[in-house]
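What follows is the content of final27.pdb (PDB, C-alpha atoms).
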ATOM      1  CA  MET A   1       0.000   0.000   0.000
ATOM      2  CA  THR A   2       1.411   3.374  -1.001
ATOM      3  CA  MET A   3       1.549   6.052   1.653
ATOM      4  CA  LYS A   4       1.649   9.633   0.424
ATOM      5  CA  GLN A   5       3.090  12.277   2.714
ATOM      6  CA  GLU A   6       3.299  15.915   1.678
ATOM      7  CA  THR A   7       5.367  18.510   3.443
ATOM      8  CA  ILE A   8       7.244  21.692   2.713
ATOM      9  CA  ILE A   9      10.531  21.941   4.583
ATOM     10  CA  PRO A  10      12.937  24.852   3.999
ATOM     11  CA  ALA A  11      16.066  22.783   3.593
ATOM     12  CA  PHE A  12      18.477  25.498   2.527
ATOM     13  CA  PRO A  13      17.395  29.121   2.995
ATOM     14  CA  GLU A  14      19.170  31.582   0.748
ATOM     15  CA  HIS A  15      20.233  33.688   3.743
ATOM     16  CA  ALA A  16      21.422  30.786   5.843
ATOM     17  CA  GLN A  17      24.863  32.331   6.263
ATOM     18  CA  SER A  18      23.551  35.275   8.244
ATOM     19  CA  ASP A  19      20.182  34.250   9.639
ATOM     20  CA  GLY A  20      19.655  30.989  11.477
ATOM     21  CA  GLY A  21      17.513  29.121  13.939
ATOM     22  CA  VAL A  22      14.035  27.877  14.365
ATOM     23  CA  GLY A  23      12.478  31.279  13.711
ATOM     24  CA  ARG A  24      13.884  31.362  10.198
ATOM     25  CA  ILE A  25      12.542  27.915   9.501
ATOM     26  CA  GLN A  26       9.054  28.667  10.752
ATOM     27  CA  THR A  27       8.802  31.898   8.747
ATOM     28  CA  ALA A  28      10.075  30.217   5.598
ATOM     29  CA  LEU A  29       7.550  27.458   6.134
ATOM     30  CA  ARG A  30       4.732  29.993   6.394
ATOM     31  CA  LYS A  31       5.914  31.806   3.261
ATOM     32  CA  ALA A  32       6.187  28.514   1.412
ATOM     33  CA  ARG A  33       2.623  27.611   2.262
ATOM     34  CA  GLU A  34       1.475  31.007   1.024
ATOM     35  CA  GLU A  35       3.288  30.391  -2.263
ATOM     36  CA  PHE A  36       2.375  26.756  -2.866
ATOM     37  CA  GLY A  37      -0.814  26.519  -0.844
ATOM     38  CA  PRO A  38      -1.227  24.411   2.291
ATOM     39  CA  ALA A  39      -1.058  20.661   2.068
ATOM     40  CA  PRO A  40      -4.239  18.802   2.965
ATOM     41  CA  ALA A  41      -4.400  18.122   6.679
ATOM     42  CA  SER A  42      -4.259  14.375   6.153
ATOM     43  CA  GLU A  43      -1.111  14.647   4.062
ATOM     44  CA  GLU A  44       1.167  16.705   6.297
ATOM     45  CA  PHE A  45       4.523  15.127   7.094
ATOM     46  CA  GLY A  46       3.647  15.028  10.772
ATOM     47  CA  SER A  47       0.194  13.515  10.256
ATOM     48  CA  VAL A  48       1.542   9.983  10.484
ATOM     49  CA  PRO A  49       1.669   9.233  14.214
ATOM     50  CA  VAL A  50       5.073   8.254  15.495
ATOM     51  CA  ALA A  51       4.912   4.974  17.329
ATOM     52  CA  GLU A  52       4.964   5.326  21.092
ATOM     53  CA  LYS A  53       7.844   2.899  21.200
ATOM     54  CA  VAL A  54      10.311   2.883  18.328
ATOM     55  CA  ALA A  55      11.852  -0.540  17.913
ATOM     56  CA  PRO A  56      15.545  -0.511  18.806
ATOM     57  CA  LEU A  57      17.966  -0.764  15.928
ATOM     58  CA  PRO A  58      19.684  -4.135  15.529
ATOM     59  CA  PRO A  59      23.405  -4.418  16.278
ATOM     60  CA  ARG A  60      25.504  -2.529  13.771
ATOM     61  CA  ASP A  61      27.507  -5.488  12.446
ATOM     62  CA  ARG A  62      24.555  -7.868  12.405
ATOM     63  CA  PHE A  63      25.848  -9.651   9.302
ATOM     64  CA  PRO A  64      29.027 -11.672   9.929
ATOM     65  CA  THR A  65      30.289 -10.921   6.414
ATOM     66  CA  SER A  66      30.014  -7.137   6.760
ATOM     67  CA  LEU A  67      32.786  -5.363   4.842
ATOM     68  CA  TRP A  68      32.283  -2.039   6.600
ATOM     69  CA  SER A  69      35.583  -2.057   8.444
ATOM     70  CA  THR A  70      37.490  -2.804   5.239
ATOM     71  CA  LEU A  71      36.243   0.229   3.270
ATOM     72  CA  PRO A  72      38.867   2.892   2.486
ATOM     73  CA  ILE A  73      38.605   5.892   4.821
ATOM     74  CA  CYS A  74      38.558   9.454   3.459
ATOM     75  CA  GLU A  75      39.080  12.636   5.447
ATOM     76  CA  PRO A  76      36.857  15.362   3.967
ATOM     77  CA  ASP A  77      38.347  18.824   3.565
ATOM     78  CA  ALA A  78      36.267  21.028   5.878
ATOM     79  CA  ARG A  79      36.977  24.149   3.816
ATOM     80  CA  GLN A  80      35.810  22.490   0.613
ATOM     81  CA  LEU A  81      32.667  21.199   2.302
ATOM     82  CA  ASN A  82      31.865  24.693   3.566
ATOM     83  CA  ARG A  83      32.492  26.206   0.130
ATOM     84  CA  ASN A  84      30.106  23.687  -1.383
ATOM     85  CA  ARG A  85      27.463  24.339   1.308
ATOM     86  CA  ILE A  86      27.673  20.933   2.943
ATOM     87  CA  VAL A  87      26.881  22.311   6.376
ATOM     88  CA  THR A  88      25.951  19.295   8.506
ATOM     89  CA  THR A  89      29.540  18.124   8.998
ATOM     90  CA  THR A  90      31.004  21.075  10.930
ATOM     91  CA  ARG A  91      27.613  22.524  11.984
ATOM     92  CA  SER A  92      29.151  26.002  11.919
ATOM     93  CA  ASP A  93      26.469  27.309   9.538
ATOM     94  CA  PRO A  94      23.012  27.780  11.124
ATOM     95  CA  ALA A  95      21.421  26.134   8.074
ATOM     96  CA  TYR A  96      22.292  22.761   9.606
ATOM     97  CA  VAL A  97      19.221  23.122  11.866
ATOM     98  CA  ALA A  98      16.842  22.665   8.933
ATOM     99  CA  PHE A  99      18.639  19.505   7.831
ATOM    100  CA  ASP A 100      18.624  18.100  11.354
ATOM    101  CA  MET A 101      14.865  18.666  11.489
ATOM    102  CA  LEU A 102      14.514  16.892   8.151
ATOM    103  CA  ARG A 103      16.737  14.045   9.382
ATOM    104  CA  THR A 104      14.676  13.480  12.511
ATOM    105  CA  LYS A 105      11.365  13.391  10.652
ATOM    106  CA  VAL A 106      12.753  11.070   7.981
ATOM    107  CA  LEU A 107      14.379   8.749  10.503
ATOM    108  CA  GLN A 108      11.213   8.473  12.585
ATOM    109  CA  LEU A 109       9.131   7.516   9.545
ATOM    110  CA  LEU A 110      11.721   5.036   8.303
ATOM    111  CA  ARG A 111      11.897   3.287  11.657
ATOM    112  CA  GLN A 112       8.147   3.347  12.128
ATOM    113  CA  ASN A 113       7.517   1.723   8.750
ATOM    114  CA  LYS A 114      10.615  -0.521   8.756
ATOM    115  CA  TRP A 115      11.970   1.124   5.611
ATOM    116  CA  ASP A 116      15.631   1.741   4.881
ATOM    117  CA  THR A 117      16.034   2.856   1.244
ATOM    118  CA  VAL A 118      15.266   6.446   0.175
ATOM    119  CA  LEU A 119      15.343   7.954  -3.317
ATOM    120  CA  ILE A 120      15.892  11.729  -3.598
ATOM    121  CA  THR A 121      14.950  13.548  -6.785
ATOM    122  CA  SER A 122      13.588  16.879  -8.061
ATOM    123  CA  PRO A 123      11.291  17.925 -10.902
ATOM    124  CA  THR A 124      13.972  19.820 -12.862
ATOM    125  CA  PRO A 125      17.709  20.611 -12.626
ATOM    126  CA  GLN A 126      19.116  23.235 -10.235
ATOM    127  CA  CYS A 127      16.710  22.476  -7.384
ATOM    128  CA  GLY A 128      19.542  21.432  -5.061
ATOM    129  CA  LYS A 129      18.688  17.750  -4.655
ATOM    130  CA  THR A 130      22.339  16.634  -4.466
ATOM    131  CA  LEU A 131      23.135  19.134  -1.708
ATOM    132  CA  VAL A 132      20.030  17.991   0.153
ATOM    133  CA  SER A 133      21.175  14.368  -0.271
ATOM    134  CA  LEU A 134      24.666  15.125   1.051
ATOM    135  CA  ASN A 135      23.504  17.249   3.968
ATOM    136  CA  LEU A 136      20.854  14.731   4.957
ATOM    137  CA  ALA A 137      23.392  11.893   4.786
ATOM    138  CA  PHE A 138      25.932  13.695   6.974
ATOM    139  CA  SER A 139      23.189  14.756   9.384
ATOM    140  CA  LEU A 140      22.172  11.106   9.696
ATOM    141  CA  ALA A 141      25.830  10.270  10.326
ATOM    142  CA  ASN A 142      25.731  12.533  13.384
ATOM    143  CA  GLN A 143      23.233  10.019  14.766
ATOM    144  CA  LYS A 144      25.765   7.535  16.115
ATOM    145  CA  ASP A 145      23.366   4.589  16.130
ATOM    146  CA  CYS A 146      22.589   5.009  12.413
ATOM    147  CA  ARG A 147      24.820   3.668   9.649
ATOM    148  CA  THR A 148      24.195   5.531   6.377
ATOM    149  CA  LEU A 149      25.068   4.911   2.728
ATOM    150  CA  LEU A 150      24.820   7.569  -0.013
ATOM    151  CA  VAL A 151      24.935   6.485  -3.659
ATOM    152  CA  ASP A 152      25.339   8.875  -6.606
ATOM    153  CA  LEU A 153      22.894   7.528  -9.180
ATOM    154  CA  ASP A 154      22.603  10.771 -11.130
ATOM    155  CA  LEU A 155      24.459   8.843 -13.783
ATOM    156  CA  HIS A 156      24.211  11.451 -16.546
ATOM    157  CA  ARG A 157      25.637  14.285 -14.410
ATOM    158  CA  PRO A 158      27.327  12.883 -11.289
ATOM    159  CA  GLN A 159      28.198  15.625  -8.791
ATOM    160  CA  ILE A 160      28.829  14.059  -5.401
ATOM    161  CA  GLY A 161      32.467  13.242  -6.106
ATOM    162  CA  ALA A 162      33.243  16.791  -7.225
ATOM    163  CA  LEU A 163      31.496  18.318  -4.203
ATOM    164  CA  LEU A 164      33.536  16.103  -1.878
ATOM    165  CA  GLY A 165      36.791  16.626  -3.765
ATOM    166  CA  VAL A 166      37.076  12.995  -4.900
ATOM    167  CA  ARG A 167      39.229  12.603  -8.011
ATOM    168  CA  ASP A 168      39.675   8.843  -8.295
ATOM    169  CA  ALA A 169      36.139   7.468  -7.922
ATOM    170  CA  PRO A 170      35.452   4.316  -9.957
ATOM    171  CA  PRO A 171      32.587   4.399 -12.455
ATOM    172  CA  LEU A 172      29.421   3.232 -10.724
ATOM    173  CA  GLU A 173      28.459   1.591 -13.997
ATOM    174  CA  ASP A 174      30.953  -1.110 -13.021
ATOM    175  CA  PHE A 175      29.231  -1.622  -9.666
ATOM    176  CA  LEU A 176      25.732  -1.694 -11.161
ATOM    177  CA  ALA A 177      26.919  -4.128 -13.837
ATOM    178  CA  GLU A 178      28.470  -6.328 -11.109
ATOM    179  CA  ARG A 179      32.013  -5.907 -12.400
ATOM    180  CA  ILE A 180      33.176  -4.532  -9.036
ATOM    181  CA  GLY A 181      31.816  -4.973  -5.532
ATOM    182  CA  ALA A 182      30.666  -2.563  -2.850
ATOM    183  CA  GLU A 183      34.123  -2.605  -1.287
ATOM    184  CA  GLN A 184      35.515  -0.932  -4.440
ATOM    185  CA  ALA A 185      32.607   1.472  -4.973
ATOM    186  CA  PHE A 186      32.260   2.917  -1.454
ATOM    187  CA  ARG A 187      34.550   4.900   0.826
ATOM    188  CA  ARG A 188      33.961   5.800   4.448
ATOM    189  CA  TYR A 189      33.702   9.352   5.772
ATOM    190  CA  GLY A 190      33.831   8.620   9.474
ATOM    191  CA  GLU A 191      32.567   5.772  11.595
ATOM    192  CA  ASN A 192      29.051   5.383  10.235
ATOM    193  CA  ILE A 193      28.726   6.919   6.763
ATOM    194  CA  ALA A 194      29.979   5.562   3.448
ATOM    195  CA  ILE A 195      29.539   7.220   0.058
ATOM    196  CA  ALA A 196      29.723   5.861  -3.487
ATOM    197  CA  PRO A 197      30.595   8.740  -5.851
ATOM    198  CA  ASN A 198      30.491   8.123  -9.582
ATOM    199  CA  GLY A 199      33.657   8.704 -11.570
ATOM    200  CA  ARG A 200      32.183   8.603 -15.069
ATOM    201  CA  PRO A 201      28.847   9.561 -16.683
ATOM    202  CA  VAL A 202      26.690   6.827 -18.202
ATOM    203  CA  THR A 203      24.897   7.270 -21.525
ATOM    204  CA  LEU A 204      22.316   4.467 -21.271
ATOM    205  CA  ALA A 205      21.536   5.150 -17.629
ATOM    206  CA  ALA A 206      17.879   4.078 -17.470
ATOM    207  CA  GLU A 207      18.674   0.789 -19.170
ATOM    208  CA  LEU A 208      21.392   0.133 -16.603
ATOM    209  CA  LEU A 209      19.279   1.182 -13.606
ATOM    210  CA  GLN A 210      16.466  -1.243 -14.454
ATOM    211  CA  SER A 211      18.751  -4.145 -15.319
ATOM    212  CA  PRO A 212      18.720  -7.328 -13.203
ATOM    213  CA  GLY A 213      22.406  -6.783 -12.444
ATOM    214  CA  ALA A 214      21.727  -3.353 -10.939
ATOM    215  CA  THR A 215      18.962  -4.808  -8.785
ATOM    216  CA  ARG A 216      21.294  -7.513  -7.519
ATOM    217  CA  ALA A 217      24.071  -4.983  -6.869
ATOM    218  CA  VAL A 218      21.753  -2.731  -4.847
ATOM    219  CA  ARG A 219      20.366  -5.657  -2.875
ATOM    220  CA  SER A 220      23.909  -6.777  -2.053
ATOM    221  CA  LEU A 221      24.477  -3.625   0.008
ATOM    222  CA  LYS A 222      22.490  -4.877   2.992
ATOM    223  CA  PRO A 223      24.337  -8.160   3.603
ATOM    224  CA  LYS A 224      27.712  -6.635   2.758
ATOM    225  CA  LEU A 225      27.606  -3.262   4.539
ATOM    226  CA  ALA A 226      24.698  -3.625   6.994
ATOM    227  CA  PRO A 227      23.322  -0.071   6.569
ATOM    228  CA  ASP A 228      20.418   1.369   8.515
ATOM    229  CA  VAL A 229      19.611   3.958   5.811
ATOM    230  CA  VAL A 230      20.557   4.011   2.121
ATOM    231  CA  ILE A 231      20.072   7.277   0.188
ATOM    232  CA  PHE A 232      20.092   7.259  -3.617
ATOM    233  CA  ASP A 233      20.622  10.597  -5.383
ATOM    234  CA  LEU A 234      18.759  10.320  -8.711
ATOM    235  CA  PRO A 235      18.410  12.750 -11.655
ATOM    236  CA  PRO A 236      15.526  15.225 -11.998
ATOM    237  CA  MET A 237      12.290  13.387 -12.773
ATOM    238  CA  LEU A 238      11.271  15.478 -15.784
ATOM    239  CA  ALA A 239      14.698  15.241 -17.439
ATOM    240  CA  ASN A 240      14.671  11.518 -18.259
ATOM    241  CA  ASP A 241      13.215   8.165 -17.192
ATOM    242  CA  ASP A 242      15.973   7.184 -14.738
ATOM    243  CA  VAL A 243      13.800   7.706 -11.646
ATOM    244  CA  ALA A 244      10.968   5.617 -13.083
ATOM    245  CA  ALA A 245      13.474   2.898 -13.925
ATOM    246  CA  PHE A 246      14.919   2.743 -10.408
ATOM    247  CA  LEU A 247      11.806   3.274  -8.254
ATOM    248  CA  PRO A 248      11.101  -0.473  -7.777
ATOM    249  CA  ASN A 249      14.376  -0.719  -5.823
ATOM    250  CA  VAL A 250      13.452   1.708  -2.998
ATOM    251  CA  ASP A 251      11.005   1.906  -0.112
ATOM    252  CA  CYS A 252      10.213   5.612  -0.390
ATOM    253  CA  ALA A 253      11.115   8.918  -2.056
ATOM    254  CA  ILE A 254      11.699  12.587  -1.232
ATOM    255  CA  LEU A 255      10.995  15.324  -3.782
ATOM    256  CA  VAL A 256      13.163  18.475  -3.639
ATOM    257  CA  VAL A 257      11.654  21.621  -5.173
ATOM    258  CA  ALA A 258      13.119  25.120  -5.532
ATOM    259  CA  ALA A 259      11.332  28.233  -4.311
ATOM    260  CA  GLU A 260      10.500  30.717  -7.101
ATOM    261  CA  GLN A 261      11.621  28.150  -9.695
ATOM    262  CA  THR A 262       9.548  24.972  -9.457
ATOM    263  CA  THR A 263       5.956  25.391 -10.620
ATOM    264  CA  ARG A 264       2.931  23.955  -8.867
ATOM    265  CA  ALA A 265       2.165  21.920 -11.994
ATOM    266  CA  GLU A 266       5.625  20.327 -11.828
ATOM    267  CA  VAL A 267       5.162  19.514  -8.150
ATOM    268  CA  ASP A 268       1.740  17.960  -8.782
ATOM    269  CA  LEU A 269       2.997  15.899 -11.717
ATOM    270  CA  CYS A 270       6.002  14.526  -9.833
ATOM    271  CA  GLU A 271       4.030  13.905  -6.636
ATOM    272  CA  ARG A 272       1.422  11.968  -8.578
ATOM    273  CA  GLU A 273       3.972   9.765 -10.335
ATOM    274  CA  LEU A 274       5.981   9.077  -7.188
ATOM    275  CA  SER A 275       2.958   8.315  -5.020
ATOM    276  CA  GLN A 276       1.654   5.864  -7.633
ATOM    277  CA  LYS A 277       4.870   3.840  -7.584
ATOM    278  CA  THR A 278       6.335   4.198  -4.088
ATOM    279  CA  ASN A 279       5.833   5.832  -0.684
ATOM    280  CA  LEU A 280       6.292   9.600  -0.938
ATOM    281  CA  LEU A 281       7.851  10.787   2.324
ATOM    282  CA  GLY A 282       7.536  14.462   1.556
ATOM    283  CA  VAL A 283       8.420  17.540  -0.452
ATOM    284  CA  VAL A 284      11.460  19.591   0.577
ATOM    285  CA  LEU A 285      11.302  23.274  -0.320
ATOM    286  CA  ASN A 286      14.820  24.480  -1.093
ATOM    287  CA  LYS A 287      16.369  27.898  -1.805
ATOM    288  CA  CYS A 288      14.086  29.967   0.407
ATOM    289  CA  ARG A 289      15.114  33.631   0.293
ATOM    290  CA  TYR A 290      13.222  34.744   3.364
ATOM    291  CA  ALA A 291      15.305  36.241   6.168
ATOM    292  CA  PRO A 292      13.254  36.377   9.371
ATOM    293  CA  GLU A 293      14.463  37.559  12.733
ATOM    294  CA  LYS A 294      16.854  35.393  14.682
ATOM    295  CA  TYR A 295      15.527  33.087  17.351
ATOM    296  CA  GLY A 296      17.024  32.630  20.786
ATOM    297  CA  TYR A 297      18.907  29.369  20.133
TER     298      TYR A 297
END
Encoding of this model in structure tokens:
Amino acid sequence: MTMKQETIIPAFPEHAQSDGGVGRIQTALRKAREEFGPAPASEEFGSVPVAEKVAPLPPRDRFPTSLWSTLPICEPDARQLNRNRIVTTTRSDPAYVAFDMLRTKVLQLLRQNKWDTVLITSPTPQCGKTLVSLNLAFSLANQKDCRTLLVDLDLHRPQIGALLGVRDAPPLEDFLAERIGAEQAFRRYGENIAIAPNGRPVTLAAELLQSPGATRAVRSLKPKLAPDVVIFDLPPMLANDDVAAFLPNVDCAILVVAAEQTTRAEVDLCERELSQKTNLLGVVLNKCRYAPEKYGY
């Protein structure tokens, strides 16, 4: 049964460098609702009741063959991350608060529904979906009991490697075609997050994403790396059919839209397609330019 959840979360306000805190988030949320219209009461992100008792997570290395400890370890350059607006690692930019709020809501719904794979997409390019994917992944990594994987499946225009400063990433086509394993595709960024950047664009991406080999490769991640959450960064939905090709491999999806760029028609079209084929966790409103007063935290 497909569960549709609609929300508008200001993931990356335009003035995040100078204005931060809960007040900014609440004002941006109000402005967003004025622009896009309120979501139906039954479809708000928070309308799904959180279970009174969340089941405890299983032990981290619950599979005896886990390769987690053998993955190569990378030390991210803090200055490069800050330049590229990946703010949930150092938490020096107040914009991290919005991502932490997103993380908590996502994690509660995943645990409540026993889901662990999340697809992130947008209607069109330049909505900021890759930055949302990275910031959400690193925010999840701050949760020490949560092991997170992030996979760059924007195969036409891979960006995660460049944003992290990775120059020697293998082509993920080789992983999806089962020519290399997870231990070659992923690298660790700390104790509980591993990322698979893509070193080379793929021309026939949709064909690869819906191939039996890609399905087997994705399914191999659980027994090999024992993740609690796997995030897949996919291309914009209206640019090609890659998202439609890969949707059967995930439990749920998040749609990232850009304020003053994404149209209501685009949001409706993408919401409808996603909710027909998977569980739509919510809609993240990115690039808010509202600068409310600072709050006291």
Got a sec: who's within 6 Å of segment 187-191 of chain A, counting all atoms listed in the file, leaving out chain neighbours fewer than 5 positions off, as an NGL selection string? :A and (71-74)
Could you dump the residues just selected with C-alpha atoms as an mmCIF file, in the frame of the given file?
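What ended up in selection-v1.cif:
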data_model
loop_
_atom_site.group_PDB
_atom_site.id
_atom_site.type_symbol
_atom_site.label_atom_id
_atom_site.label_comp_id
_atom_site.auth_asym_id
_atom_site.auth_seq_id
_atom_site.Cartn_x
_atom_site.Cartn_y
_atom_site.Cartn_z
ATOM 1 C CA LEU A 71 36.243 0.229 3.270
ATOM 2 C CA PRO A 72 38.867 2.892 2.486
ATOM 3 C CA ILE A 73 38.605 5.892 4.821
ATOM 4 C CA CYS A 74 38.558 9.454 3.459
#
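Atom CA of Leu238 of chain A sits 22.2 Å away from atom CA of Glu173 of chain A.
Candidate residues A:Glu266, A:Asp228, A:Glu273, A:Asp241 were compared for distance to His156 of chain A, and the nearest is A:Asp241, using all atoms listed in the file.
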Can you list what the PyMOL selection byres ((chain A and resi 163) around 12) grabs from this structure, as a JSON list (two decimals) with C-alpha atoms, in the coordinates of the input?
[["chain", "number", "residue", "atom", "x", "y", "z"],
["A", 76, "PRO", "CA", 36.86, 15.36, 3.97],
["A", 77, "ASP", "CA", 38.35, 18.82, 3.56],
["A", 78, "ALA", "CA", 36.27, 21.03, 5.88],
["A", 79, "ARG", "CA", 36.98, 24.15, 3.82],
["A", 80, "GLN", "CA", 35.81, 22.49, 0.61],
["A", 81, "LEU", "CA", 32.67, 21.20, 2.30],
["A", 82, "ASN", "CA", 31.86, 24.69, 3.57],
["A", 83, "ARG", "CA", 32.49, 26.21, 0.13],
["A", 84, "ASN", "CA", 30.11, 23.69, -1.38],
["A", 85, "ARG", "CA", 27.46, 24.34, 1.31],
["A", 86, "ILE", "CA", 27.67, 20.93, 2.94],
["A", 130, "THR", "CA", 22.34, 16.63, -4.47],
["A", 131, "LEU", "CA", 23.14, 19.13, -1.71],
["A", 133, "SER", "CA", 21.18, 14.37, -0.27],
["A", 134, "LEU", "CA", 24.67, 15.12, 1.05],
["A", 135, "ASN", "CA", 23.50, 17.25, 3.97],
["A", 152, "ASP", "CA", 25.34, 8.88, -6.61],
["A", 158, "PRO", "CA", 27.33, 12.88, -11.29],
["A", 159, "GLN", "CA", 28.20, 15.62, -8.79],
["A", 160, "ILE", "CA", 28.83, 14.06, -5.40],
["A", 161, "GLY", "CA", 32.47, 13.24, -6.11],
["A", 162, "ALA", "CA", 33.24, 16.79, -7.22],
["A", 164, "LEU", "CA", 33.54, 16.10, -1.88],
["A", 165, "GLY", "CA", 36.79, 16.63, -3.76],
["A", 166, "VAL", "CA", 37.08, 13.00, -4.90],
["A", 167, "ARG", "CA", 39.23, 12.60, -8.01],
["A", 197, "PRO", "CA", 30.60, 8.74, -5.85],
["A", 198, "ASN", "CA", 30.49, 8.12, -9.58]]
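Close contacts of Ile195 of chain A, defined as residues with an atom at most 6 Å away when counting only C-alpha atoms, with chain neighbours fewer than 2 positions off set aside, comprise Leu149, Leu150, Val151, Phe186 and Arg187 of chain A.
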Return as a PyMOL selection string the set of residues that the PyMOL selection byres ((chain A and resi 117-121) around 8) yields on the displayed structure. chain A and resi 115-116+122-123+129+133+229-237+243+247+250-256
Next, write the just-selected residues to a file, as an mmCIF file, keeping the file's coordinate frame, keeping C-alpha atoms as the atom set.
data_model
loop_
_atom_site.group_PDB
_atom_site.id
_atom_site.type_symbol
_atom_site.label_atom_id
_atom_site.label_comp_id
_atom_site.auth_asym_id
_atom_site.auth_seq_id
_atom_site.Cartn_x
_atom_site.Cartn_y
_atom_site.Cartn_z
ATOM 1 C CA TRP A 115 11.970 1.124 5.611
ATOM 2 C CA ASP A 116 15.631 1.741 4.881
ATOM 3 C CA SER A 122 13.588 16.879 -8.061
ATOM 4 C CA PRO A 123 11.291 17.925 -10.902
ATOM 5 C CA LYS A 129 18.688 17.750 -4.655
ATOM 6 C CA SER A 133 21.175 14.368 -0.271
ATOM 7 C CA VAL A 229 19.611 3.958 5.811
ATOM 8 C CA VAL A 230 20.557 4.011 2.121
ATOM 9 C CA ILE A 231 20.072 7.277 0.188
ATOM 10 C CA PHE A 232 20.092 7.259 -3.617
ATOM 11 C CA ASP A 233 20.622 10.597 -5.383
ATOM 12 C CA LEU A 234 18.759 10.320 -8.711
ATOM 13 C CA PRO A 235 18.410 12.750 -11.655
ATOM 14 C CA PRO A 236 15.526 15.225 -11.998
ATOM 15 C CA MET A 237 12.290 13.387 -12.773
ATOM 16 C CA VAL A 243 13.800 7.706 -11.646
ATOM 17 C CA LEU A 247 11.806 3.274 -8.254
ATOM 18 C CA VAL A 250 13.452 1.708 -2.998
ATOM 19 C CA ASP A 251 11.005 1.906 -0.112
ATOM 20 C CA CYS A 252 10.213 5.612 -0.390
ATOM 21 C CA ALA A 253 11.115 8.918 -2.056
ATOM 22 C CA ILE A 254 11.699 12.587 -1.232
ATOM 23 C CA LEU A 255 10.995 15.324 -3.782
ATOM 24 C CA VAL A 256 13.163 18.475 -3.639
#
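Relative to atom CA of Leu109 of chain A, atom CA of Glu260 of chain A is found at 28.6 Å.
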Selected by the PyMOL selection byres ((chain A and resi 278) around 6) in the shown coordinates: which residues, as a PyMOL selection string? chain A and resi 2+252+274-275+277+279
At what distance in Å, to one decimal, does atom CA of Phe246 of chain A lie from atom CA of Ala205 of chain A? 10.1 Å
Box for segment 148-152 of chain A: with edges along x, y and z, all listed atoms inside and 3 Å added on each side, what are the centre and edge lengths in Å to one decimal, as AutoDock Vina command-line options?
--center_x 24.8 --center_y 6.9 --center_z -0.1 --size_x 7.1 --size_y 10.0 --size_z 19.0
Could you pull the residues within 12 Å of Thr203 of chain A, counting all atoms listed in the file, minus those fewer than 4 positions along the same chain, as a short mmCIF file (atom, residue, chain, number, x, y, z; two decimals) with C-alpha atoms, keeping the file's coordinate frame?
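Result file out32.cif:
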data_model
loop_
_atom_site.label_atom_id
_atom_site.label_comp_id
_atom_site.auth_asym_id
_atom_site.auth_seq_id
_atom_site.Cartn_x
_atom_site.Cartn_y
_atom_site.Cartn_z
CA ASP A 154 22.60 10.77 -11.13
CA LEU A 155 24.46 8.84 -13.78
CA HIS A 156 24.21 11.45 -16.55
CA ARG A 157 25.64 14.28 -14.41
CA PRO A 158 27.33 12.88 -11.29
CA GLU A 173 28.46 1.59 -14.00
CA GLU A 207 18.67 0.79 -19.17
CA LEU A 208 21.39 0.13 -16.60
CA LEU A 209 19.28 1.18 -13.61
CA ASN A 240 14.67 11.52 -18.26
CA ASP A 242 15.97 7.18 -14.74
#
9 Å contact set for Leu140 of chain A, only C-alpha atoms, chain neighbours under 2 positions out, as a list in words: Asp100, Arg103, Thr104, Leu107, Asn135, Leu136, Ala137, Phe138, Asn142, Gln143, Lys144, Cys146, Arg147, Thr148, Asn192, Ile193 and Val229 of chain A
